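A short worksheet on the structure shown next.
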There are 2 protein chains.
Amino acid sequence: MKKYFTIQQMAKTTGLTEYTLRYYERIGLVKFIARKDNGHRQYSSNDLQWIEFLMRLRATGMPIRDMQRFAELRYQGDKTVAKRKAMLIVHLEKVQQHINEWMKYKRVLIQKIEYYSNLKQKR
Amino acid sequence: MKKYFTIQQMAKTTGLTEYTLRYYERIGLVKFIARKDNGHRQYSSNDLQWIEFLMRLRATGMPIRDMQRFAELRYQGDKTVAKRKAMLIVHLEKVQQHINEWMKYKRVLIQKIEYYSNLKQKR
DNA sequence: CCTTGACTTAGAGTGCACTCTAAGTTGTAT
DNA sequence: ATACAACTTAGAGTGCACTCTAAGTCAAGG
């Protein structure tokens with residue numbers, strides 16, 4: 001019992017616009033979306049999962065170019081698993097660095113806020 | 001014994017380009033940079049600290065518009081401390097949210113990597 | 001019949017934050 | 001003297017990731 005989605009439903013579910021969904025297809029991030037008799041896209045829940053994964057990669061700052069590379073590998077099938085894994089490991093490291101950086105900046109912010117609080121007490 | 005920097009030295013120290021340093025002045029993020037007799041900028045270590053703080057705000061995703069607002073308040077002096085503090089508290093919350101989000105995505109990445117590892121073992 | 005919601009290609013426009021160029025000036029260093 | 005490193009204004013260009021428009025087609029539902 002498979003569930004299918006129209007492009008509009010996908011837009012609503014993912015938060016991407018229909019434009020972006022077509023754009024992602026155009027640039028090869030998403031491929032082989034099933035079509036109804038009338039040519040309308042029929043996204044499967046599998047497609048949804050893939051798009052949501054893409055969204056996470058974007059949200060963690062992966063450039064479109066790299067995502068295209070990743071998608072290309074994915075669509076080549078299981079033989080590229082090692083390469084994809086390697087890409088994700090590299091990306092994970094970047095994500096970790098980013099988190100570290102932001103935590104450092106967070107501390108700076110907290111210090112600044114504390115500094116402002118102390119200033120207030122003095123006057 | 002004050003230390004002064006030329007724009008070139010500032011560029012090197014901060015990692016910003018000279019263009020960007022002038023641009024930040026143009027849009028009001030940085031003001032009242034001292035000048036030598038010949039009109040050349042003389043950045044003080046105080047200026048450096050301010051610019052480095054601005055860079056941290058940028059690095060943590062604060063839009064230029066908000067930074068302009070913050071800078072404006074700063075240049076209005078101590079009477080705006082409360083407002084600046086409030087801005088930083090709001091920003092801190094965003095930074096925290098962002099860190100949480102990225103940590104969530106990090107876990108997703110780790111799971112995916114593990115999934116790939118398991119796939120490999122099966123073949 | 002006509003509105004709705006898809007679809008197509010190709011290309012233009014947007015917003016952000018720079019980044020650079022042009023075309024000139026001025027003062028210091030070799 | 002000449003090269004160098006600044007400086008100015010004003011505006012153009014860049015790169016990214018969308019976002020939208022034009023101008024048309026097509027098929028089902030009320």
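Following the order of the structure tokens, chains are lettered A, B, ..., residues in each are numbered from 1, and ligands are numbered from 1.
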Per residue of chain B within 9 Å of chain D, which atom pair is closest and at what distance in Å (one decimal), using only C-alpha atoms (C1' of nucleotides), listed by chain and increasing number, as a Markdown table?
| residue | atom | partner | partner_atom | distance |
| --- | --- | --- | --- | --- |
| B:Ile7 | CA | D:DA6 | C1' | 8.7 |
| B:Asn38 | CA | D:DA6 | C1' | 8.4 |
| B:Gly39 | CA | D:DC7 | C1' | 6.8 |
| B:His40 | CA | D:DA6 | C1' | 5.9 |
| B:Arg41 | CA | D:DA6 | C1' | 8.5 |
Residues of chain C within 9 Å of chain B, only C-alpha atoms (C1' of nucleotides) counted, as a list of chain:residue names | C:DC16, C:DA17, C:DC18, C:DT19, C:DC20, C:DT26, C:DG27
Within 12 Å of chain B: each chain A residue with its shortest pair, only C-alpha atoms, as a Markdown table:
| residue | atom | partner | partner_atom | distance |
| --- | --- | --- | --- | --- |
| A:Trp50 | CA | B:Lys112 | CA | 12.0 |
| A:Glu52 | CA | B:Val108 | CA | 11.2 |
| A:Phe53 | CA | B:Val108 | CA | 8.8 |
| A:Leu54 | CA | B:Leu109 | CA | 11.3 |
| A:Met55 | CA | B:Tyr105 | CA | 10.2 |
| A:Arg56 | CA | B:Tyr105 | CA | 6.5 |
| A:Leu57 | CA | B:Tyr105 | CA | 8.3 |
| A:Arg58 | CA | B:Tyr105 | CA | 10.5 |
| A:Ala59 | CA | B:Trp102 | CA | 8.1 |
| A:Thr60 | CA | B:Trp102 | CA | 6.6 |
| A:Gly61 | CA | B:Trp102 | CA | 9.9 |
| A:Arg74 | CA | B:Tyr116 | CA | 11.8 |
| A:Asp78 | CA | B:Leu119 | CA | 8.9 |
| A:Lys79 | CA | B:Lys120 | CA | 9.9 |
| A:Thr80 | CA | B:Tyr116 | CA | 10.2 |
| A:Val81 | CA | B:Tyr116 | CA | 6.4 |
| A:Ala82 | CA | B:Tyr116 | CA | 7.5 |
| A:Lys83 | CA | B:Tyr116 | CA | 10.0 |
| A:Arg84 | CA | B:Tyr116 | CA | 8.3 |
| A:Lys85 | CA | B:Ile113 | CA | 5.7 |
| A:Ala86 | CA | B:Ile113 | CA | 8.5 |
| A:Met87 | CA | B:Ile113 | CA | 9.6 |
| A:Leu88 | CA | B:Ile113 | CA | 6.8 |
| A:Ile89 | CA | B:Ile113 | CA | 7.2 |
| A:Val90 | CA | B:Leu109 | CA | 10.6 |
| A:His91 | CA | B:Leu109 | CA | 8.6 |
| A:Leu92 | CA | B:Lys106 | CA | 6.6 |
| A:Glu93 | CA | B:Lys106 | CA | 9.4 |
| A:Lys94 | CA | B:Lys106 | CA | 10.1 |
| A:Val95 | CA | B:Lys106 | CA | 6.9 |
| A:Gln96 | CA | B:Lys106 | CA | 7.6 |
| A:Gln97 | CA | B:Trp102 | CA | 10.9 |
| A:His98 | CA | B:Trp102 | CA | 8.6 |
| A:Ile99 | CA | B:Ile99 | CA | 6.1 |
| A:Asn100 | CA | B:Ile99 | CA | 9.1 |
| A:Glu101 | CA | B:Ala59 | CA | 8.9 |
| A:Trp102 | CA | B:Thr60 | CA | 6.6 |
| A:Met103 | CA | B:Ile99 | CA | 7.5 |
| A:Lys104 | CA | B:Arg56 | CA | 9.7 |
| A:Tyr105 | CA | B:Arg56 | CA | 6.5 |
| A:Lys106 | CA | B:Leu92 | CA | 6.6 |
| A:Arg107 | CA | B:Leu92 | CA | 9.3 |
| A:Val108 | CA | B:Arg56 | CA | 8.5 |
| A:Leu109 | CA | B:Leu92 | CA | 6.6 |
| A:Ile110 | CA | B:Leu92 | CA | 7.6 |
| A:Gln111 | CA | B:Leu88 | CA | 10.5 |
| A:Lys112 | CA | B:Lys85 | CA | 8.1 |
| A:Ile113 | CA | B:Lys85 | CA | 5.7 |
| A:Glu114 | CA | B:Lys85 | CA | 8.8 |
| A:Tyr115 | CA | B:Lys85 | CA | 9.2 |
| A:Tyr116 | CA | B:Lys85 | CA | 6.3 |
| A:Ser117 | CA | B:Lys85 | CA | 7.9 |
| A:Asn118 | CA | B:Val81 | CA | 10.6 |
| A:Leu119 | CA | B:Val81 | CA | 8.2 |
| A:Lys120 | CA | B:Val81 | CA | 7.9 |
| A:Gln121 | CA | B:Ala82 | CA | 11.6 |
| A:Lys122 | CA | B:Asp78 | CA | 11.9 |
| A:Arg123 | CA | B:Asp78 | CA | 10.2 |
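For the atom pair formed by atom CA of A:Arg69 and atom CA of A:Val30, the distance is 11.7 Å, given to one decimal.
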Within stretch 9-105 of chain B, find each residue whose DSSP state, derived from the backbone, is helix (DSSP H, G or I), and express the selection as a ChimeraX atom specification.
-> /B:9-14,18-26,45-59,64-74,78-105
Tell me which of B:Lys3, B:Lys12, B:Arg26, B:Arg65 sits closest to B:Gln42, counting only C-alpha atoms.
-> B:Lys3
